[in-house]
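Peer 1: So that you have it, the file is final_4.pdb, and it contains PDB, N, CA and C atoms:
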```pdb
ATOM      1  N   MET A   1      -6.288   1.796  -7.916
ATOM      2  CA  MET A   1      -6.170   2.767  -6.860
ATOM      3  C   MET A   1      -6.716   4.097  -7.347
ATOM      4  N   ARG A   2      -7.431   4.813  -6.477
ATOM      5  CA  ARG A   2      -7.994   6.087  -6.877
ATOM      6  C   ARG A   2      -7.936   7.058  -5.713
ATOM      7  N   LEU A   3      -8.041   8.334  -6.014
ATOM      8  CA  LEU A   3      -8.071   9.353  -4.980
ATOM      9  C   LEU A   3      -9.443   9.380  -4.338
ATOM     10  N   TRP A   4      -9.490   9.726  -3.078
ATOM     11  CA  TRP A   4     -10.760   9.864  -2.389
ATOM     12  C   TRP A   4     -10.670  11.042  -1.447
ATOM     13  N   THR A   5     -11.794  11.568  -1.033
ATOM     14  CA  THR A   5     -11.841  12.701  -0.122
ATOM     15  C   THR A   5     -12.710  12.328   1.070
ATOM     16  N   THR A   6     -12.213  12.590   2.280
ATOM     17  CA  THR A   6     -12.979  12.289   3.488
ATOM     18  C   THR A   6     -13.993  13.399   3.727
ATOM     19  N   GLU A   7     -14.864  13.196   4.694
ATOM     20  CA  GLU A   7     -15.894  14.176   4.989
ATOM     21  C   GLU A   7     -15.304  15.525   5.377
ATOM     22  N   ASP A   8     -14.131  15.531   6.029
ATOM     23  CA  ASP A   8     -13.535  16.801   6.446
ATOM     24  C   ASP A   8     -12.688  17.420   5.334
ATOM     25  N   GLY A   9     -12.730  16.837   4.124
ATOM     26  CA  GLY A   9     -12.038  17.409   2.983
ATOM     27  C   GLY A   9     -10.604  16.966   2.819
ATOM     28  N   CYS A  10     -10.116  16.081   3.677
ATOM     29  CA  CYS A  10      -8.748  15.593   3.588
ATOM     30  C   CYS A  10      -8.647  14.592   2.442
ATOM     31  N   ARG A  11      -7.655  14.780   1.554
ATOM     32  CA  ARG A  11      -7.512  13.884   0.405
ATOM     33  C   ARG A  11      -6.494  12.807   0.712
ATOM     34  N   GLY A  12      -6.704  11.636   0.161
ATOM     35  CA  GLY A  12      -5.770  10.543   0.345
ATOM     36  C   GLY A  12      -5.893   9.559  -0.790
ATOM     37  N   LEU A  13      -5.195   8.460  -0.688
ATOM     38  CA  LEU A  13      -5.232   7.436  -1.713
ATOM     39  C   LEU A  13      -5.952   6.213  -1.171
ATOM     40  N   ALA A  14      -6.860   5.676  -1.953
ATOM     41  CA  ALA A  14      -7.588   4.473  -1.560
ATOM     42  C   ALA A  14      -6.906   3.260  -2.176
ATOM     43  N   ARG A  15      -7.185   2.105  -1.631
ATOM     44  CA  ARG A  15      -6.625   0.879  -2.198
ATOM     45  C   ARG A  15      -7.239   0.590  -3.553
ATOM     46  N   ALA A  16      -6.639  -0.346  -4.278
ATOM     47  CA  ALA A  16      -7.088  -0.656  -5.636
ATOM     48  C   ALA A  16      -8.573  -1.038  -5.679
ATOM     49  N   CYS A  17      -9.081  -1.619  -4.591
ATOM     50  CA  CYS A  17     -10.493  -2.000  -4.577
ATOM     51  C   CYS A  17     -11.401  -0.785  -4.441
ATOM     52  N   GLY A  18     -10.801   0.390  -4.158
ATOM     53  CA  GLY A  18     -11.596   1.594  -4.064
ATOM     54  C   GLY A  18     -12.016   1.962  -2.658
ATOM     55  N   CYS A  19     -11.728   1.110  -1.688
ATOM     56  CA  CYS A  19     -12.136   1.445  -0.333
ATOM     57  C   CYS A  19     -10.910   1.784   0.520
ATOM     58  N   PRO A  20     -10.974   2.875   1.285
ATOM     59  CA  PRO A  20      -9.840   3.250   2.114
ATOM     60  C   PRO A  20      -9.664   2.276   3.267
ATOM     61  N   ARG A  21      -8.469   2.233   3.799
ATOM     62  CA  ARG A  21      -8.246   1.430   5.002
ATOM     63  C   ARG A  21      -8.990   2.092   6.148
ATOM     64  N   LEU A  22      -9.589   1.293   6.989
ATOM     65  CA  LEU A  22     -10.359   1.849   8.091
ATOM     66  C   LEU A  22      -9.723   1.497   9.420
ATOM     67  N   ARG A  23      -9.896   2.360  10.383
ATOM     68  CA  ARG A  23      -9.421   2.119  11.735
ATOM     69  C   ARG A  23     -10.472   2.664  12.684
ATOM     70  N   THR A  24     -10.391   2.283  13.937
ATOM     71  CA  THR A  24     -11.294   2.862  14.914
ATOM     72  C   THR A  24     -10.507   3.817  15.789
ATOM     73  N   ASP A  25     -11.158   4.915  16.148
ATOM     74  CA  ASP A  25     -10.512   5.809  17.102
ATOM     75  C   ASP A  25     -10.807   5.265  18.495
ATOM     76  N   GLY A  26     -10.431   5.944  19.517
ATOM     77  CA  GLY A  26     -10.627   5.460  20.877
ATOM     78  C   GLY A  26     -12.069   5.222  21.240
ATOM     79  N   ASN A  27     -13.012   5.843  20.538
ATOM     80  CA  ASN A  27     -14.436   5.732  20.841
ATOM     81  C   ASN A  27     -15.146   4.691  19.993
ATOM     82  N   GLY A  28     -14.397   3.935  19.193
ATOM     83  CA  GLY A  28     -15.007   2.923  18.353
ATOM     84  C   GLY A  28     -15.555   3.458  17.040
ATOM     85  N   THR A  29     -15.317   4.735  16.756
ATOM     86  CA  THR A  29     -15.775   5.333  15.503
ATOM     87  C   THR A  29     -14.797   4.986  14.397
ATOM     88  N   LEU A  30     -15.342   4.589  13.250
ATOM     89  CA  LEU A  30     -14.478   4.269  12.120
ATOM     90  C   LEU A  30     -14.012   5.542  11.443
ATOM     91  N   GLY A  31     -12.761   5.533  11.010
ATOM     92  CA  GLY A  31     -12.210   6.669  10.281
ATOM     93  C   GLY A  31     -11.259   6.166   9.212
ATOM     94  N   ALA A  32     -11.054   6.946   8.181
ATOM     95  CA  ALA A  32     -10.160   6.551   7.095
ATOM     96  C   ALA A  32      -8.712   6.793   7.492
ATOM     97  N   VAL A  33      -7.849   5.854   7.142
ATOM     98  CA  VAL A  33      -6.422   5.971   7.396
ATOM     99  C   VAL A  33      -5.704   5.769   6.072
ATOM    100  N   THR A  34      -4.819   6.676   5.733
ATOM    101  CA  THR A  34      -4.056   6.517   4.511
ATOM    102  C   THR A  34      -2.664   6.023   4.862
ATOM    103  N   ARG A  35      -2.087   5.291   3.949
ATOM    104  CA  ARG A  35      -0.711   4.856   4.134
ATOM    105  C   ARG A  35       0.198   6.013   3.800
ATOM    106  N   ARG A  36       1.328   6.104   4.480
ATOM    107  CA  ARG A  36       2.270   7.183   4.218
ATOM    108  C   ARG A  36       3.044   6.936   2.928
ATOM    109  N   PHE A  37       3.424   5.685   2.668
ATOM    110  CA  PHE A  37       4.224   5.350   1.496
ATOM    111  C   PHE A  37       3.500   4.313   0.645
ATOM    112  N   ILE A  38       3.704   4.414  -0.678
ATOM    113  CA  ILE A  38       3.150   3.425  -1.591
ATOM    114  C   ILE A  38       4.249   2.972  -2.549
ATOM    115  N   PRO A  39       4.159   1.729  -3.043
ATOM    116  CA  PRO A  39       5.169   1.225  -3.984
ATOM    117  C   PRO A  39       4.990   1.835  -5.376
ATOM    118  N   LEU A  40       6.033   1.723  -6.189
ATOM    119  CA  LEU A  40       5.983   2.280  -7.542
ATOM    120  C   LEU A  40       4.892   1.646  -8.396
ATOM    121  N   THR A  41       4.545   0.394  -8.107
ATOM    122  CA  THR A  41       3.465  -0.230  -8.886
ATOM    123  C   THR A  41       2.155   0.535  -8.689
ATOM    124  N   GLU A  42       1.898   1.000  -7.467
ATOM    125  CA  GLU A  42       0.680   1.769  -7.211
ATOM    126  C   GLU A  42       0.783   3.168  -7.802
ATOM    127  N   VAL A  43       1.984   3.743  -7.782
ATOM    128  CA  VAL A  43       2.192   5.048  -8.412
ATOM    129  C   VAL A  43       1.855   4.949  -9.895
ATOM    130  N   SER A  44       2.339   3.879 -10.534
ATOM    131  CA  SER A  44       2.077   3.723 -11.968
ATOM    132  C   SER A  44       0.582   3.536 -12.238
ATOM    133  N   GLU A  45      -0.142   2.858 -11.337
ATOM    134  CA  GLU A  45      -1.589   2.700 -11.503
ATOM    135  C   GLU A  45      -2.299   4.039 -11.357
ATOM    136  N   ILE A  46      -1.912   4.823 -10.368
ATOM    137  CA  ILE A  46      -2.556   6.111 -10.110
ATOM    138  C   ILE A  46      -2.349   7.058 -11.285
ATOM    139  N   LEU A  47      -1.111   7.096 -11.811
ATOM    140  CA  LEU A  47      -0.794   7.999 -12.915
ATOM    141  C   LEU A  47      -1.134   7.400 -14.275
ATOM    142  N   ASP A  48      -1.548   6.141 -14.287
ATOM    143  CA  ASP A  48      -1.868   5.423 -15.525
ATOM    144  C   ASP A  48      -0.682   5.440 -16.491
ATOM    145  N   ILE A  49       0.478   5.057 -15.942
ATOM    146  CA  ILE A  49       1.705   4.941 -16.722
ATOM    147  C   ILE A  49       2.307   3.575 -16.448
ATOM    148  N   SER A  50       3.320   3.193 -17.209
ATOM    149  CA  SER A  50       3.965   1.902 -16.983
ATOM    150  C   SER A  50       4.864   1.970 -15.754
ATOM    151  N   ALA A  51       5.204   0.806 -15.221
ATOM    152  CA  ALA A  51       6.123   0.736 -14.082
ATOM    153  C   ALA A  51       7.484   1.322 -14.464
ATOM    154  N   ASP A  52       7.909   1.090 -15.706
ATOM    155  CA  ASP A  52       9.183   1.659 -16.172
ATOM    156  C   ASP A  52       9.138   3.183 -16.188
ATOM    157  N   GLN A  53       8.010   3.751 -16.584
ATOM    158  CA  GLN A  53       7.884   5.206 -16.595
ATOM    159  C   GLN A  53       7.900   5.762 -15.172
ATOM    160  N   ALA A  54       7.269   5.068 -14.233
ATOM    161  CA  ALA A  54       7.285   5.509 -12.838
ATOM    162  C   ALA A  54       8.715   5.474 -12.293
ATOM    163  N   TYR A  55       9.441   4.414 -12.611
ATOM    164  CA  TYR A  55      10.827   4.299 -12.173
ATOM    165  C   TYR A  55      11.676   5.410 -12.792
ATOM    166  N   ALA A  56      11.414   5.756 -14.045
ATOM    167  CA  ALA A  56      12.152   6.832 -14.716
ATOM    168  C   ALA A  56      11.896   8.173 -14.026
ATOM    169  N   LEU A  57      10.675   8.416 -13.568
ATOM    170  CA  LEU A  57      10.373   9.642 -12.830
ATOM    171  C   LEU A  57      11.195   9.720 -11.552
ATOM    172  N   VAL A  58      11.348   8.586 -10.878
ATOM    173  CA  VAL A  58      12.139   8.538  -9.649
ATOM    174  C   VAL A  58      13.621   8.745  -9.973
ATOM    175  N   ARG A  59      14.118   8.019 -10.971
ATOM    176  CA  ARG A  59      15.538   8.128 -11.359
ATOM    177  C   ARG A  59      15.917   9.543 -11.753
ATOM    178  N   SER A  60      15.011  10.237 -12.444
ATOM    179  CA  SER A  60      15.297  11.594 -12.912
ATOM    180  C   SER A  60      15.229  12.627 -11.794
ATOM    181  N   GLY A  61      14.620  12.244 -10.669
ATOM    182  CA  GLY A  61      14.465  13.186  -9.565
ATOM    183  C   GLY A  61      13.168  13.967  -9.623
ATOM    184  N   ASP A  62      12.375  13.765 -10.666
ATOM    185  CA  ASP A  62      11.090  14.458 -10.770
ATOM    186  C   ASP A  62      10.120  14.024  -9.672
ATOM    187  N   LEU A  63      10.213  12.762  -9.276
ATOM    188  CA  LEU A  63       9.347  12.216  -8.235
ATOM    189  C   LEU A  63      10.227  11.635  -7.129
ATOM    190  N   PRO A  64      10.408  12.370  -6.037
ATOM    191  CA  PRO A  64      11.254  11.869  -4.946
ATOM    192  C   PRO A  64      10.702  10.578  -4.347
ATOM    193  N   ALA A  65      11.611   9.653  -4.045
ATOM    194  CA  ALA A  65      11.223   8.363  -3.468
ATOM    195  C   ALA A  65      12.358   7.877  -2.573
ATOM    196  N   ILE A  66      12.063   6.849  -1.792
ATOM    197  CA  ILE A  66      13.081   6.236  -0.941
ATOM    198  C   ILE A  66      13.138   4.740  -1.230
ATOM    199  N   LYS A  67      14.286   4.157  -0.939
ATOM    200  CA  LYS A  67      14.440   2.706  -1.034
ATOM    201  C   LYS A  67      14.354   2.150   0.376
ATOM    202  N   VAL A  68      13.562   1.112   0.554
ATOM    203  CA  VAL A  68      13.399   0.516   1.884
ATOM    204  C   VAL A  68      13.586  -0.984   1.815
ATOM    205  N   GLY A  69      13.930  -1.558   2.943
ATOM    206  CA  GLY A  69      14.047  -3.005   3.040
ATOM    207  C   GLY A  69      15.314  -3.554   2.427
ATOM    208  N   GLY A  70      15.555  -4.820   2.699
ATOM    209  CA  GLY A  70      16.747  -5.499   2.218
ATOM    210  C   GLY A  70      16.807  -5.628   0.714
ATOM    211  N   ARG A  71      15.660  -5.652   0.078
ATOM    212  CA  ARG A  71      15.629  -5.788  -1.384
ATOM    213  C   ARG A  71      15.574  -4.437  -2.077
ATOM    214  N   GLY A  72      15.606  -3.361  -1.319
ATOM    215  CA  GLY A  72      15.633  -2.028  -1.897
ATOM    216  C   GLY A  72      14.405  -1.671  -2.702
ATOM    217  N   GLN A  73      13.240  -1.910  -2.137
ATOM    218  CA  GLN A  73      11.990  -1.586  -2.821
ATOM    219  C   GLN A  73      11.731  -0.083  -2.757
ATOM    220  N   TRP A  74      11.382   0.516  -3.888
ATOM    221  CA  TRP A  74      11.106   1.943  -3.940
ATOM    222  C   TRP A  74       9.731   2.240  -3.360
ATOM    223  N   ARG A  75       9.652   3.334  -2.590
ATOM    224  CA  ARG A  75       8.386   3.806  -2.024
ATOM    225  C   ARG A  75       8.295   5.310  -2.225
ATOM    226  N   VAL A  76       7.087   5.777  -2.516
ATOM    227  CA  VAL A  76       6.822   7.201  -2.693
ATOM    228  C   VAL A  76       5.834   7.625  -1.619
ATOM    229  N   GLU A  77       6.122   8.722  -0.979
ATOM    230  CA  GLU A  77       5.216   9.241   0.037
ATOM    231  C   GLU A  77       3.970   9.795  -0.668
ATOM    232  N   THR A  78       2.794   9.498  -0.141
ATOM    233  CA  THR A  78       1.555   9.895  -0.809
ATOM    234  C   THR A  78       1.448  11.406  -0.968
ATOM    235  N   VAL A  79       1.923  12.173   0.021
ATOM    236  CA  VAL A  79       1.860  13.633  -0.112
ATOM    237  C   VAL A  79       2.827  14.120  -1.189
ATOM    238  N   VAL A  80       3.939  13.427  -1.368
ATOM    239  CA  VAL A  80       4.899  13.774  -2.418
ATOM    240  C   VAL A  80       4.278  13.504  -3.791
ATOM    241  N   LEU A  81       3.564  12.393  -3.910
ATOM    242  CA  LEU A  81       2.883  12.087  -5.167
ATOM    243  C   LEU A  81       1.823  13.144  -5.464
ATOM    244  N   GLU A  82       1.064  13.532  -4.472
ATOM    245  CA  GLU A  82       0.048  14.566  -4.671
ATOM    246  C   GLU A  82       0.709  15.885  -5.076
ATOM    247  N   ASP A  83       1.835  16.230  -4.460
ATOM    248  CA  ASP A  83       2.572  17.442  -4.844
ATOM    249  C   ASP A  83       3.034  17.352  -6.298
ATOM    250  N   TYR A  84       3.530  16.190  -6.698
ATOM    251  CA  TYR A  84       3.967  15.984  -8.079
ATOM    252  C   TYR A  84       2.797  16.206  -9.042
ATOM    253  N   ILE A  85       1.646  15.642  -8.715
ATOM    254  CA  ILE A  85       0.461  15.791  -9.573
ATOM    255  C   ILE A  85       0.088  17.263  -9.689
ATOM    256  N   GLN A  86       0.098  17.982  -8.577
ATOM    257  CA  GLN A  86      -0.232  19.410  -8.605
ATOM    258  C   GLN A  86       0.783  20.203  -9.428
ATOM    259  N   ARG A  87       2.081  19.849  -9.323
ATOM    260  CA  ARG A  87       3.107  20.505 -10.137
ATOM    261  C   ARG A  87       2.859  20.270 -11.616
ATOM    262  N   MET A  88       2.452  19.052 -11.976
ATOM    263  CA  MET A  88       2.190  18.741 -13.372
ATOM    264  C   MET A  88       0.965  19.499 -13.887
ATOM    265  N   TYR A  89      -0.051  19.670 -13.029
ATOM    266  CA  TYR A  89      -1.199  20.489 -13.413
ATOM    267  C   TYR A  89      -0.752  21.920 -13.682
ATOM    268  N   ALA A  90       0.061  22.478 -12.801
ATOM    269  CA  ALA A  90       0.541  23.853 -12.969
ATOM    270  C   ALA A  90       1.384  23.979 -14.239
ATOM    271  N   ARG A  91       2.265  23.011 -14.470
ATOM    272  CA  ARG A  91       3.115  23.037 -15.667
ATOM    273  C   ARG A  91       2.247  22.956 -16.928
ATOM    274  N   THR A  92       1.224  22.119 -16.895
ATOM    275  CA  THR A  92       0.333  21.979 -18.048
ATOM    276  C   THR A  92      -0.451  23.266 -18.287
ATOM    277  N   ARG A  93      -0.947  23.891 -17.202
ATOM    278  CA  ARG A  93      -1.654  25.173 -17.356
ATOM    279  C   ARG A  93      -0.754  26.210 -18.013
ATOM    280  N   ASP A  94       0.503  26.285 -17.565
ATOM    281  CA  ASP A  94       1.447  27.238 -18.149
ATOM    282  C   ASP A  94       1.705  26.925 -19.618
ATOM    283  N   LEU A  95       1.855  25.659 -19.937
ATOM    284  CA  LEU A  95       2.103  25.248 -21.317
ATOM    285  C   LEU A  95       0.926  25.603 -22.215
ATOM    286  N   VAL A  96      -0.269  25.341 -21.738
ATOM    287  CA  VAL A  96      -1.465  25.652 -22.509
ATOM    288  C   VAL A  96      -1.573  27.161 -22.713
ATOM    289  N   LYS A  97      -1.302  27.918 -21.677
ATOM    290  CA  LYS A  97      -1.379  29.379 -21.769
ATOM    291  C   LYS A  97      -0.398  29.907 -22.803
ATOM    292  N   VAL A  98       0.828  29.430 -22.775
ATOM    293  CA  VAL A  98       1.859  29.879 -23.717
ATOM    294  C   VAL A  98       1.499  29.473 -25.135
ATOM    295  N   ASN A  99       1.008  28.255 -25.328
ATOM    296  CA  ASN A  99       0.715  27.751 -26.676
ATOM    297  C   ASN A  99      -0.573  28.298 -27.272
ATOM    298  N   THR A 100      -1.431  28.905 -26.477
ATOM    299  CA  THR A 100      -2.686  29.425 -27.020
ATOM    300  C   THR A 100      -2.674  30.937 -27.154
ATOM    301  N   GLU A 101      -1.632  31.610 -26.660
ATOM    302  CA  GLU A 101      -1.528  33.056 -26.832
ATOM    303  C   GLU A 101      -1.191  33.357 -28.288
ATOM    304  N   ALA A 102      -1.746  34.440 -28.809
ATOM    305  CA  ALA A 102      -1.515  34.814 -30.205
ATOM    306  C   ALA A 102      -0.105  35.368 -30.378
ATOM    307  N   PRO A 103       0.617  34.905 -31.390
ATOM    308  CA  PRO A 103       1.934  35.477 -31.683
ATOM    309  C   PRO A 103       1.797  36.935 -32.137
ATOM    310  N   GLU A 104       2.886  37.645 -32.175
ATOM    311  CA  GLU A 104       2.884  39.064 -32.519
ATOM    312  C   GLU A 104       2.373  39.345 -33.927
ATOM    313  N   ASP A 105       2.492  38.393 -34.846
ATOM    314  CA  ASP A 105       2.046  38.643 -36.230
ATOM    315  C   ASP A 105       0.540  38.523 -36.394
ATOM    316  N   GLY A 106      -0.187  38.261 -35.311
ATOM    317  CA  GLY A 106      -1.637  38.209 -35.359
ATOM    318  C   GLY A 106      -2.212  36.837 -35.659
ATOM    319  N   ALA A 107      -1.381  35.854 -36.017
ATOM    320  CA  ALA A 107      -1.882  34.504 -36.283
ATOM    321  C   ALA A 107      -2.248  33.845 -34.960
ATOM    322  N   LYS A 108      -3.154  32.901 -35.028
ATOM    323  CA  LYS A 108      -3.549  32.182 -33.821
ATOM    324  C   LYS A 108      -2.415  31.275 -33.376
ATOM    325  N   GLY A 109      -2.292  31.132 -32.034
ATOM    326  CA  GLY A 109      -1.309  30.214 -31.483
ATOM    327  C   GLY A 109      -1.695  28.787 -31.781
ATOM    328  N   SER A 110      -0.736  27.915 -31.812
ATOM    329  CA  SER A 110      -1.034  26.522 -32.099
ATOM    330  C   SER A 110      -1.434  25.803 -30.819
ATOM    331  N   PRO A 111      -2.455  24.971 -30.877
ATOM    332  CA  PRO A 111      -2.816  24.177 -29.691
ATOM    333  C   PRO A 111      -1.744  23.128 -29.443
ATOM    334  N   LEU A 112      -1.828  22.485 -28.288
ATOM    335  CA  LEU A 112      -0.856  21.451 -27.948
ATOM    336  C   LEU A 112      -0.843  20.430 -29.027
TER     337      LEU A 112
END
```
Please lay out the structure from this file as structure tokens.
Peer 2:
Amino acid sequence: MRLWTTEDGCRGLARACGCPRLRTDGNGTLGAVTRRFIPLTEVSEILDISADQAYALVRSGDLPAIKVGGRGQWRVETVVLEDYIQRMYARTRDLVKVNTEAPEDGAKGSPL
């Protein structure tokens, strides 16, 4: 599964094969349709982490998710996943900034 961008700049998630789901509008024109929720297995593929790590993110509350169906399958909303990714980018930028600033004694800061 990978991220993709439509012609109008809207971002979404494509299926594992790389092609978005397609639908026709009332005029027969094809357009991309994204799913609202994805299972944790797809979350782990997108983030390139194990299924256990994805479940740990949900359990900790870092990645909000819902349980659906009789078997209680976890689902993450695609916009929530995108928000999580953006939060992690911001957190990483802050971490890099703090770790690369020079300490008061004039020595260079340590990289990550």
Peer 1: Could you pull out every residue with an atom within 5 Å of (8.3, 7.8, -4.7), file coordinates, counting all atoms listed in the file, and send them as a list of chain:residue names?
Peer 2: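 Selection result: A:Leu63, A:Pro64, A:Ala65, A:Ile66, A:Arg75, A:Val76, A:Glu77.
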Peer 1: I need the residues from that last selection saved to file as a CSV table (one decimal), keeping the file's coordinate frame (with N, CA and C atoms), if you can.
Peer 2:
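Resulting contents of result_36.csv:
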```csv
chain,number,residue,atom,x,y,z
A,63,LEU,N,10.2,12.8,-9.3
A,63,LEU,CA,9.3,12.2,-8.2
A,63,LEU,C,10.2,11.6,-7.1
A,64,PRO,N,10.4,12.4,-6.0
A,64,PRO,CA,11.3,11.9,-4.9
A,64,PRO,C,10.7,10.6,-4.3
A,65,ALA,N,11.6,9.7,-4.0
A,65,ALA,CA,11.2,8.4,-3.5
A,65,ALA,C,12.4,7.9,-2.6
A,66,ILE,N,12.1,6.8,-1.8
A,66,ILE,CA,13.1,6.2,-0.9
A,66,ILE,C,13.1,4.7,-1.2
A,75,ARG,N,9.7,3.3,-2.6
A,75,ARG,CA,8.4,3.8,-2.0
A,75,ARG,C,8.3,5.3,-2.2
A,76,VAL,N,7.1,5.8,-2.5
A,76,VAL,CA,6.8,7.2,-2.7
A,76,VAL,C,5.8,7.6,-1.6
A,77,GLU,N,6.1,8.7,-1.0
A,77,GLU,CA,5.2,9.2,0.0
A,77,GLU,C,4.0,9.8,-0.7
```
Peer 1: Each side padded by 4 Å, which centre and which edge lengths in Å (one decimal) define the axis-aligned box around the listed atoms of region 57-62 of chain A? Give them as JSON.
Peer 2:
```
{"center_x": 13.0, "center_y": 11.2, "center_z": -11.6, "size_x": 13.8, "size_y": 14.4, "size_z": 12.0}
```
Peer 1: Return as a list in words the full set of residues in region 30-98 of chain A whose backbone-based DSSP assignment is strand (DSSP E or B).
Peer 2: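 Checking each residue of region 30-98 of chain A, the strand (DSSP E or B) ones are Leu30, Gly31, Ala32, Val33, Phe37, Ile38, Pro39, Ile66, Lys67, Val68, Gln73, Trp74, Arg75, Val76 and Glu77 of chain A.
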Peer 1: Given all atoms listed in the file as the basis, pick out the residue of A:Asp62, A:Tyr55, A:Glu42, A:Ile49 nearest to Tyr84 (chain A).
Peer 2: A:Asp62
Peer 1: With distances taken over only N, CA and C atoms, which of A:Trp74, A:Val96, A:Ala54, A:Lys67 is nearest to Pro39 (chain A)?
Peer 2: A:Trp74
